[in-house]
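data_6.txt (compact mmCIF, C-alpha atoms) appears below.
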# COMPACT_ATOMS: atom_id res chain seq x y z
CA MET F 174 2.86 57.42 -48.77
CA ASP F 175 1.81 57.14 -45.12
CA LEU F 176 4.84 57.17 -42.86
CA ASN F 177 2.67 56.20 -39.91
CA ALA F 178 3.41 52.71 -41.18
CA LEU F 179 6.79 53.18 -39.48
CA HIS F 180 5.00 53.20 -36.14
CA LYS F 181 4.00 49.59 -36.74
CA LEU F 182 7.61 48.42 -36.59
CA GLY F 183 8.37 46.62 -33.34
CA TYR F 184 11.12 47.56 -30.90
CA GLY F 185 12.05 47.12 -27.28
CA MET F 186 13.22 49.91 -24.99
CA TYR F 187 16.75 50.01 -23.63
CA ILE F 188 19.21 52.06 -21.65
CA VAL F 189 22.54 52.00 -23.49
CA GLY F 190 25.64 52.85 -21.46
CA SER F 191 29.24 53.62 -22.26
CA TYR F 192 32.22 55.55 -20.92
CA LYS F 193 35.02 57.86 -21.97
CA ASP F 194 38.08 58.17 -19.76
CA ASP F 195 36.58 58.42 -16.24
CA LYS F 196 33.18 59.66 -17.38
CA LEU F 197 30.06 57.48 -17.61
CA ASN F 198 26.83 58.05 -19.48
CA GLY F 199 23.67 56.31 -20.65
CA GLN F 200 20.73 57.03 -22.92
CA VAL F 201 17.44 55.56 -24.06
CA ALA F 202 17.52 53.59 -27.31
CA ASN F 203 14.90 51.50 -29.06
CA THR F 204 17.04 50.00 -31.81
CA VAL F 205 19.01 47.16 -30.26
CA PHE F 206 19.01 43.88 -32.14
CA GLN F 207 20.90 40.65 -32.58
CA ILE F 208 23.00 40.38 -35.73
CA THR F 209 24.39 36.86 -35.70
CA SER F 210 24.23 33.95 -33.31
CA GLU F 211 27.79 32.61 -33.74
CA PRO F 212 29.61 34.55 -32.56
CA PRO F 213 26.81 36.30 -30.68
CA THR F 214 26.75 39.88 -31.89
CA VAL F 215 24.40 42.74 -31.15
CA ALA F 216 23.88 46.13 -32.77
CA VAL F 217 22.67 49.47 -31.48
CA SER F 218 21.73 52.55 -33.48
CA ILE F 219 22.87 55.82 -31.86
CA ASN F 220 22.47 59.40 -33.04
CA LYS F 221 25.80 61.07 -33.71
CA ALA F 222 24.69 64.16 -31.76
CA ASN F 223 24.39 62.18 -28.54
CA LEU F 224 27.07 62.10 -25.84
CA THR F 225 26.81 58.31 -25.63
CA HIS F 226 27.84 58.16 -29.30
CA GLU F 227 31.04 60.03 -28.45
CA TYR F 228 31.67 57.70 -25.51
CA ILE F 229 31.14 54.51 -27.55
CA GLU F 230 33.45 55.84 -30.26
CA SER F 231 36.10 56.47 -27.59
CA SER F 232 35.87 53.31 -25.46
CA ARG F 233 34.57 50.95 -28.21
CA VAL F 234 32.25 49.25 -25.73
CA PHE F 235 28.60 49.56 -24.75
CA SER F 236 26.04 48.00 -22.46
CA ALA F 237 22.33 47.64 -23.15
CA SER F 238 19.77 47.09 -20.39
CA VAL F 239 16.32 45.87 -21.37
CA LEU F 240 13.53 47.78 -19.58
CA HIS F 241 10.48 46.06 -18.12
CA GLN F 242 6.95 47.14 -18.99
CA ASP F 243 6.32 49.03 -15.74
CA THR F 244 9.36 51.26 -16.01
CA PRO F 245 8.28 54.74 -14.78
CA LEU F 246 8.05 57.38 -17.49
CA ASN F 247 10.29 59.75 -15.53
CA TYR F 248 13.10 57.16 -15.52
CA ILE F 249 12.90 57.00 -19.31
CA GLY F 250 12.53 60.78 -19.50
CA ASP F 251 15.66 61.40 -17.47
CA PHE F 252 17.71 59.15 -19.75
CA GLY F 253 16.01 60.08 -23.00
CA PHE F 254 15.32 63.80 -22.92
CA LYS F 255 18.34 65.07 -21.01
CA SER F 256 21.95 65.13 -22.10
CA GLY F 257 24.88 63.90 -20.08
CA ARG F 258 26.52 67.15 -21.18
CA ASP F 259 24.10 69.09 -18.94
CA VAL F 260 23.36 66.74 -16.05
CA ASP F 261 24.94 63.73 -14.36
CA LYS F 262 22.43 61.10 -15.43
CA LEU F 263 23.89 58.51 -13.06
CA LYS F 264 23.06 60.43 -9.89
CA GLY F 265 20.70 58.34 -7.77
CA ILE F 266 20.65 55.55 -10.33
CA ASP F 267 21.41 51.88 -9.60
CA TYR F 268 24.21 50.72 -11.86
CA LYS F 269 27.35 48.63 -11.77
CA ILE F 270 30.60 48.86 -13.66
CA GLY F 271 30.51 45.97 -16.11
CA GLU F 272 33.20 43.72 -17.51
CA THR F 273 33.69 46.20 -20.32
CA LYS F 274 33.93 49.05 -17.75
CA ALA F 275 30.74 50.50 -19.23
CA PRO F 276 28.00 51.30 -16.71
CA VAL F 277 25.31 48.62 -16.65
CA PHE F 278 21.96 50.07 -15.57
CA LEU F 279 20.03 47.82 -13.19
CA ASP F 280 16.85 49.76 -12.35
CA HIS F 281 13.77 48.31 -14.10
CA ALA F 282 15.98 45.98 -16.16
CA THR F 283 14.95 42.45 -17.15
CA ALA F 284 18.34 41.67 -18.70
CA TYR F 285 21.51 43.29 -19.90
CA LEU F 286 24.24 42.74 -22.46
CA GLU F 287 27.73 44.12 -22.78
CA ALA F 288 29.58 44.27 -26.07
CA GLU F 289 32.91 45.21 -27.61
CA VAL F 290 32.50 47.16 -30.85
CA ILE F 291 33.79 45.33 -33.91
CA GLN F 292 32.31 47.62 -36.54
CA GLY F 293 30.66 51.02 -36.79
CA VAL F 294 28.37 51.58 -39.76
CA ASP F 295 27.96 55.24 -40.71
CA LEU F 296 24.37 55.97 -41.70
CA GLY F 297 24.41 59.75 -41.90
CA THR F 298 22.69 61.03 -38.76
CA HIS F 299 23.22 57.73 -36.92
CA THR F 300 25.87 55.09 -36.42
CA ILE F 301 25.05 51.44 -35.98
CA PHE F 302 27.62 50.03 -33.58
CA ILE F 303 28.00 46.28 -33.93
CA GLY F 304 29.50 44.52 -30.96
CA LYS F 305 30.62 41.08 -29.90
CA ILE F 306 28.76 40.13 -26.73
CA VAL F 307 31.15 39.61 -23.82
CA ALA F 308 28.68 39.59 -20.93
CA ALA F 309 24.96 38.92 -20.62
CA GLU F 310 22.58 38.26 -17.77
CA VAL F 311 18.85 37.73 -17.30
CA LEU F 312 17.61 39.69 -14.27
CA SER F 313 13.87 39.02 -14.20
CA GLU F 314 11.03 37.41 -16.09
CA ASP F 315 8.92 40.58 -16.04
CA LEU F 316 7.32 41.57 -19.33
CA CYS F 317 9.61 43.71 -21.41
CA LEU F 318 8.59 47.20 -22.46
CA THR F 319 7.91 47.58 -26.15
CA TYR F 320 8.16 50.87 -27.97
CA ASP F 321 4.53 50.46 -29.00
CA TYR F 322 3.42 50.06 -25.37
CA TYR F 323 5.53 53.05 -24.39
CA ARG F 324 3.83 55.22 -27.01
CA GLN F 325 0.27 53.86 -26.91
CA VAL F 326 -0.27 52.97 -23.27
CA LYS F 327 2.25 55.05 -21.39
CA ARG F 328 1.86 57.97 -23.81
CA GLY F 329 5.59 58.43 -24.02
CA THR F 330 7.09 60.70 -26.65
CA THR F 331 10.20 60.54 -28.80
CA PRO F 332 13.07 63.03 -28.97
CA LYS F 333 14.08 64.43 -32.33
CA THR F 334 17.41 62.58 -32.26
CA ALA F 335 15.74 59.14 -32.21
CA PRO F 336 15.72 57.14 -35.45
CA SER F 337 12.01 56.53 -34.95
CA TYR F 338 11.04 60.20 -34.69
CA ILE F 339 8.56 61.25 -37.39
CA ALA F 340 8.55 64.98 -38.15
CA GLY F 341 5.31 66.65 -37.19
CA GLU F 342 3.91 63.81 -35.15
CA LYS F 343 2.01 64.69 -32.02
CA GLY F 344 4.27 64.71 -29.00
CA GLY F 345 7.46 64.69 -31.04
CA LYS F 346 9.60 67.60 -29.89
CA MET W 235 27.28 34.71 -19.71
CA ASP W 236 23.61 33.91 -20.23
CA LEU W 237 22.66 34.36 -23.86
CA ASN W 238 18.99 33.98 -22.97
CA ALA W 239 19.29 37.72 -22.39
CA LEU W 240 19.08 37.98 -26.18
CA HIS W 241 15.51 36.72 -25.98
CA LYS W 242 14.59 39.89 -24.11
CA LEU W 243 15.32 42.04 -27.13
CA GLY W 244 12.14 43.30 -28.78
CA TYR W 245 11.20 42.77 -32.43
CA GLY W 246 8.18 42.74 -34.66
CA MET W 247 7.41 40.04 -37.22
CA TYR W 248 7.43 40.76 -40.93
CA ILE W 249 7.15 39.20 -44.35
CA VAL W 250 9.90 40.66 -46.53
CA GLY W 251 9.42 40.43 -50.29
CA SER W 252 11.61 40.98 -53.32
CA TYR W 253 12.02 39.84 -56.91
CA LYS W 254 14.63 38.75 -59.43
CA ASP W 255 13.81 38.97 -63.12
CA ASP W 256 10.26 37.56 -63.28
CA LYS W 257 10.48 35.57 -60.06
CA LEU W 258 8.94 36.68 -56.75
CA ASN W 259 9.67 35.54 -53.22
CA GLY W 260 9.09 36.42 -49.59
CA GLN W 261 10.34 35.32 -46.19
CA VAL W 262 9.77 35.91 -42.51
CA ALA W 263 12.07 38.43 -40.83
CA ASN W 264 12.08 39.91 -37.35
CA THR W 265 14.80 42.53 -37.79
CA VAL W 266 13.22 45.46 -39.61
CA PHE W 267 13.89 48.90 -38.17
CA GLN W 268 13.91 52.56 -39.00
CA ILE W 269 17.35 54.09 -39.51
CA THR W 270 16.73 57.80 -40.04
CA SER W 271 13.64 59.98 -40.29
CA GLU W 272 14.83 62.39 -42.99
CA PRO W 273 14.98 60.91 -45.47
CA PRO W 274 12.90 58.03 -44.14
CA THR W 275 15.05 54.93 -44.32
CA VAL W 276 14.48 51.41 -43.11
CA ALA W 277 16.77 48.43 -42.68
CA VAL W 278 16.25 44.70 -42.82
CA SER W 279 18.67 41.93 -41.80
CA ILE W 280 18.62 38.93 -44.14
CA ASN W 281 20.64 35.71 -44.04
CA LYS W 282 22.89 35.32 -47.06
CA ALA W 283 21.74 31.71 -47.52
CA ASN W 284 18.15 32.80 -48.17
CA LEU W 285 16.66 33.15 -51.64
CA THR W 286 15.21 36.56 -50.73
CA HIS W 287 18.78 37.75 -50.10
CA GLU W 288 19.69 36.83 -53.67
CA TYR W 289 16.57 38.60 -54.97
CA ILE W 290 17.24 41.81 -53.01
CA GLU W 291 20.82 41.84 -54.22
CA SER W 292 19.57 41.54 -57.79
CA SER W 293 16.61 43.97 -57.82
CA ARG W 294 17.87 46.32 -55.06
CA VAL W 295 14.36 46.67 -53.66
CA PHE W 296 12.35 45.05 -50.89
CA SER W 297 8.95 45.24 -49.25
CA ALA W 298 8.19 44.58 -45.60
CA SER W 299 4.69 43.74 -44.36
CA VAL W 300 4.00 44.00 -40.63
CA LEU W 301 2.05 41.01 -39.28
CA HIS W 302 -0.82 41.36 -36.82
CA GLN W 303 -0.91 39.45 -33.55
CA ASP W 304 -3.43 36.85 -34.70
CA THR W 305 -1.47 35.77 -37.76
CA PRO W 306 -1.84 31.94 -38.02
CA LEU W 307 1.28 29.98 -37.23
CA ASN W 308 1.05 28.08 -40.52
CA TYR W 309 1.19 31.34 -42.47
CA ILE W 310 4.44 32.20 -40.71
CA GLY W 311 5.65 28.63 -41.07
CA ASP W 312 5.12 28.58 -44.82
CA PHE W 313 7.14 31.76 -45.23
CA GLY W 314 9.73 31.05 -42.57
CA PHE W 315 10.56 27.37 -42.75
CA LYS W 316 10.29 26.71 -46.46
CA SER W 317 12.52 27.99 -49.23
CA GLY W 318 11.32 29.61 -52.44
CA ARG W 319 13.87 27.33 -54.10
CA ASP W 320 11.67 24.33 -53.26
CA VAL W 321 8.12 25.69 -53.32
CA ASP W 322 6.23 28.64 -54.81
CA LYS W 323 5.52 30.52 -51.60
CA LEU W 324 3.12 32.89 -53.34
CA LYS W 325 0.61 30.21 -54.31
CA GLY W 326 -2.73 31.01 -52.67
CA ILE W 327 -1.30 34.12 -51.00
CA ASP W 328 -2.84 37.60 -51.23
CA TYR W 329 -0.26 40.01 -52.54
CA LYS W 330 0.10 42.89 -54.96
CA ILE W 331 2.97 44.06 -57.09
CA GLY W 332 4.20 47.21 -55.41
CA GLU W 333 5.68 50.43 -56.77
CA THR W 334 9.11 48.84 -56.56
CA LYS W 335 7.78 45.75 -58.40
CA ALA W 336 8.46 43.71 -55.26
CA PRO W 337 5.54 41.61 -54.03
CA VAL W 338 3.73 43.26 -51.11
CA PHE W 339 2.08 40.67 -48.88
CA LEU W 340 -1.39 41.67 -47.69
CA ASP W 341 -2.63 38.72 -45.62
CA HIS W 342 -2.56 39.47 -41.86
CA ALA W 343 -0.70 42.74 -42.50
CA THR W 344 -1.26 45.92 -40.46
CA ALA W 345 1.02 48.00 -42.67
CA TYR W 346 3.68 47.72 -45.31
CA LEU W 347 6.71 49.58 -46.57
CA GLU W 348 8.62 49.44 -49.83
CA ALA W 349 12.22 50.56 -50.13
CA GLU W 350 15.01 51.01 -52.65
CA VAL W 351 18.34 49.73 -51.35
CA ILE W 352 20.93 52.46 -50.85
CA GLN W 353 23.47 50.40 -48.91
CA GLY W 354 24.19 46.79 -48.04
CA VAL W 355 26.20 46.16 -44.90
CA ASP W 356 28.02 42.83 -44.90
CA LEU W 357 27.91 41.24 -41.46
CA GLY W 358 29.27 37.78 -42.16
CA THR W 359 26.30 35.43 -42.20
CA HIS W 360 23.82 38.28 -42.76
CA THR W 361 23.49 41.46 -44.78
CA ILE W 362 21.67 44.50 -43.49
CA PHE W 363 19.98 46.12 -46.47
CA ILE W 364 19.28 49.78 -45.90
CA GLY W 365 16.61 51.28 -48.11
CA LYS W 366 14.98 54.60 -48.82
CA ILE W 367 11.24 54.25 -48.28
CA VAL W 368 9.33 54.89 -51.51
CA ALA W 369 5.90 53.56 -50.51
CA ALA W 370 4.15 52.98 -47.19
CA GLU W 371 0.61 52.29 -46.12
CA VAL W 372 -1.26 51.52 -42.90
CA LEU W 373 -3.76 48.71 -43.45
CA SER W 374 -5.31 48.16 -40.02
CA GLU W 375 -5.10 49.17 -36.38
CA ASP W 376 -4.88 45.57 -35.18
CA LEU W 377 -2.22 44.82 -32.61
CA CYS W 378 1.09 43.95 -34.22
CA LEU W 379 2.74 40.62 -33.59
CA THR W 380 5.90 40.79 -31.54
CA TYR W 381 8.63 38.21 -31.69
CA ASP W 382 8.18 37.68 -27.96
CA TYR W 383 4.44 36.97 -28.38
CA TYR W 384 5.24 34.63 -31.26
CA ARG W 385 7.63 32.63 -29.12
CA GLN W 386 5.92 32.78 -25.71
CA VAL W 387 2.23 32.69 -26.55
CA LYS W 388 2.05 31.16 -29.99
CA ARG W 389 4.96 28.79 -29.23
CA GLY W 390 6.57 29.57 -32.55
CA THR W 391 10.12 28.46 -33.27
CA THR W 392 13.03 29.99 -35.11
CA PRO W 393 14.94 28.59 -38.09
CA LYS W 394 18.69 28.29 -37.88
CA THR W 395 19.19 31.03 -40.49
CA ALA W 396 17.51 33.69 -38.34
CA PRO W 397 19.76 36.22 -36.57
CA SER W 398 17.87 35.53 -33.36
CA TYR W 399 18.48 31.78 -33.33
CA ILE W 400 20.34 30.58 -30.25
CA ALA W 401 22.16 27.29 -30.68
CA GLY W 402 20.73 24.53 -28.54
CA GLU W 403 17.57 26.34 -27.54
CA LYS W 404 14.41 24.29 -27.26
CA GLY W 405 12.49 24.32 -30.51
CA GLY W 406 15.34 25.78 -32.51
CA LYS W 407 15.90 23.52 -35.49

Rewritten as structure tokens:
Amino acid sequence: MDLNALHKLGYGMYIVGSYKDDKLNGQVANTVFQITSEPPTVAVSINKANLTHEYIESSRVFSASVLHQDTPLNYIGDFGFKSGRDVDKLKGIDYKIGETKAPVFLDHATAYLEAEVIQGVDLGTHTIFIGKIVAAEVLSEDLCLTYDYYRQVKRGTTPKTAPSYIAGEKGGK
Amino acid sequence: MDLNALHKLGYGMYIVGSYKDDKLNGQVANTVFQITSEPPTVAVSINKANLTHEYIESSRVFSASVLHQDTPLNYIGDFGFKSGRDVDKLKGIDYKIGETKAPVFLDHATAYLEAEVIQGVDLGTHTIFIGKIVAAEVLSEDLCLTYDYYRQVKRGTTPKTAPSYIAGEKGGK
């Protein structure tokens, strides 16, 4: 069994935002996908250890911003390898408060969605939050960043809390 | 609200296979994603109206073959726009019977996975089948087909039963 086959699965790259009380946070995610077209629903897979998971569970809303291909690695690194428990990830970042009151991240974004959670599916280490889309906007026609491009061309790595982390792979920490 | 934002979400393109009794079938899917790394689990979203849905519900196994970028449109069309109820989709197709006894499709594939279903999540029109990976192989290092490339470059269209169909979009039938 060669689990490198998992690296052939295709994903985009996203910043997922949410809030809890008066606190805002966001994190990198690669598993954001449409569930149904009517009503339009979208799902995101989030590790239970992440602060954003706690925020989505509390507010029952999330945003997802789609990153373009030229997104700087340090932008992804700041959202993906740091925790909102340790640093204020929103410092110096361009965002707006969306219709759901979740932060919508605008830097390097080609589009965003906002959703109200209608179901949370417990999958052990992760929860898939399924949401009804309540806001959506296209921001640019730039090429979208794929997870493959991030790994192969930009040489980006994957934190251990990501669903797509493979134990022992080079660069996985 | 501009639901074209949904077109910015990133996916790969896959042929998902399963069986029921002595019958085999496969279909195109774009929503295949890793759930957790330990144990390695993978999920696929399948429309309840599709024959492959019935087969996965019966056998509780599925395969997923990852298509390369140069996969001919007619190969995708035969798997995506026809039903195994009307035609034998496996006629003239290169496949093997996998460890799970599901058909594993080898034409134009860069990799494949086989999984045993551990959970089915009912999402109205679709079910997400979550499976423990029991077989996986990398077949080539060719570029993988993305859904975006399929739509933008190959000018492929999307059947109404796909999760990523948007009502009224050009080419959506």

Q: Rounded to one decimal place, report the atom CA of F:Leu316-atom CA of W:Asn238 distance in Å.
A: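 Taking atom CA of F:Leu316 as the start and atom CA of W:Asn238 as the end point, the length is 14.4 Å.
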
Q) What would the list of residues within 8 Å of (15.8, 47.3, -55.2) (file frame) look like as an MDAnalysis selection string, if only C-alpha atoms are what count? A) chainID W and resid 252 290:296 334 349:351

Mind writing the picked residues with C-alpha atoms as a PDB file, in the frame of the given file?
ATOM      1  CA  SER W 252      11.610  40.980 -53.320  1.00  0.00           C
ATOM      2  CA  ILE W 290      17.240  41.810 -53.010  1.00  0.00           C
ATOM      3  CA  GLU W 291      20.820  41.840 -54.220  1.00  0.00           C
ATOM      4  CA  SER W 292      19.570  41.540 -57.790  1.00  0.00           C
ATOM      5  CA  SER W 293      16.610  43.970 -57.820  1.00  0.00           C
ATOM      6  CA  ARG W 294      17.870  46.320 -55.060  1.00  0.00           C
ATOM      7  CA  VAL W 295      14.360  46.670 -53.660  1.00  0.00           C
ATOM      8  CA  PHE W 296      12.350  45.050 -50.890  1.00  0.00           C
ATOM      9  CA  THR W 334       9.110  48.840 -56.560  1.00  0.00           C
ATOM     10  CA  ALA W 349      12.220  50.560 -50.130  1.00  0.00           C
ATOM     11  CA  GLU W 350      15.010  51.010 -52.650  1.00  0.00           C
ATOM     12  CA  VAL W 351      18.340  49.730 -51.350  1.00  0.00           C
TER      13      VAL W 351
END

Select residues of chain W: the criterion is any atom within 7 Å of an atom of chain F, counting all atoms listed in the file; output as a PDB file with C-alpha atoms, in the coordinates of the input.
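File iface-v2.pdb, as written:
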ATOM      1  CA  MET W 235      27.280  34.710 -19.710  1.00  0.00           C
ATOM      2  CA  ASP W 236      23.610  33.910 -20.230  1.00  0.00           C
ATOM      3  CA  LEU W 237      22.660  34.360 -23.860  1.00  0.00           C
ATOM      4  CA  ASN W 238      18.990  33.980 -22.970  1.00  0.00           C
ATOM      5  CA  ALA W 239      19.290  37.720 -22.390  1.00  0.00           C
ATOM      6  CA  LYS W 242      14.590  39.890 -24.110  1.00  0.00           C
ATOM      7  CA  LEU W 243      15.320  42.040 -27.130  1.00  0.00           C
ATOM      8  CA  GLY W 244      12.140  43.300 -28.780  1.00  0.00           C
ATOM      9  CA  TYR W 245      11.200  42.770 -32.430  1.00  0.00           C
ATOM     10  CA  GLY W 246       8.180  42.740 -34.660  1.00  0.00           C
ATOM     11  CA  PHE W 267      13.890  48.900 -38.170  1.00  0.00           C
ATOM     12  CA  GLN W 268      13.910  52.560 -39.000  1.00  0.00           C
ATOM     13  CA  ILE W 269      17.350  54.090 -39.510  1.00  0.00           C
ATOM     14  CA  THR W 270      16.730  57.800 -40.040  1.00  0.00           C
ATOM     15  CA  SER W 271      13.640  59.980 -40.290  1.00  0.00           C
ATOM     16  CA  VAL W 300       4.000  44.000 -40.630  1.00  0.00           C
ATOM     17  CA  ALA W 345       1.020  48.000 -42.670  1.00  0.00           C
ATOM     18  CA  TYR W 346       3.680  47.720 -45.310  1.00  0.00           C
ATOM     19  CA  THR W 359      26.300  35.430 -42.200  1.00  0.00           C
ATOM     20  CA  ALA W 369       5.900  53.560 -50.510  1.00  0.00           C
ATOM     21  CA  ALA W 370       4.150  52.980 -47.190  1.00  0.00           C
ATOM     22  CA  GLU W 371       0.610  52.290 -46.120  1.00  0.00           C
ATOM     23  CA  VAL W 372      -1.260  51.520 -42.900  1.00  0.00           C
ATOM     24  CA  CYS W 378       1.090  43.950 -34.220  1.00  0.00           C
ATOM     25  CA  THR W 380       5.900  40.790 -31.540  1.00  0.00           C
ATOM     26  CA  PRO W 397      19.760  36.220 -36.570  1.00  0.00           C
ATOM     27  CA  SER W 398      17.870  35.530 -33.360  1.00  0.00           C
ATOM     28  CA  TYR W 399      18.480  31.780 -33.330  1.00  0.00           C
ATOM     29  CA  ILE W 400      20.340  30.580 -30.250  1.00  0.00           C
TER      30      ILE W 400
END

Q: Between atom CA of W:Asp304 and atom CA of W:Pro393, measure the distance and give it in Å to one decimal.
A: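 Separation of atom CA of W:Asp304 and atom CA of W:Pro393: 20.4 Å.
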
Q) What lies within 9 Å of W:Asp341 using only C-alpha atoms, ignoring chain neighbours under 6 positions off, as a list in words? A)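 Returned residues: Ser299, Leu301, Thr305, Tyr309, Ile327, Asp328 and Tyr329 of chain W.
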
(Q) Please determine, counting all atoms listed in the file, which residue among F:Pro276, F:Pro245, F:Gly304, F:Gly257 has the shortest atom-to-atom distance to F:Arg328. (A)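 Comparing F:Pro276, F:Pro245, F:Gly304, F:Gly257 against F:Arg328, the winner is F:Pro245.
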
Q: Have a look at F:Asn247, F:Gln242, F:Thr225, F:Ser236 and name the one nearest to F:Lys193; count only C-alpha atoms.
A: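 So, comparing all the options, the nearest one is F:Thr225.
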
Q. Distance atom CA of F:Val189-atom CA of F:Glu272, one decimal place?
A.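 That distance, rounded to one decimal, is 14.8 Å.
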
Q: Select, from F:Pro212, F:Gly293, F:Gly190, F:Gly329, the residue with the minimum atom-to-atom distance to F:Val277, counting all atoms listed in the file.
A: F:Gly190
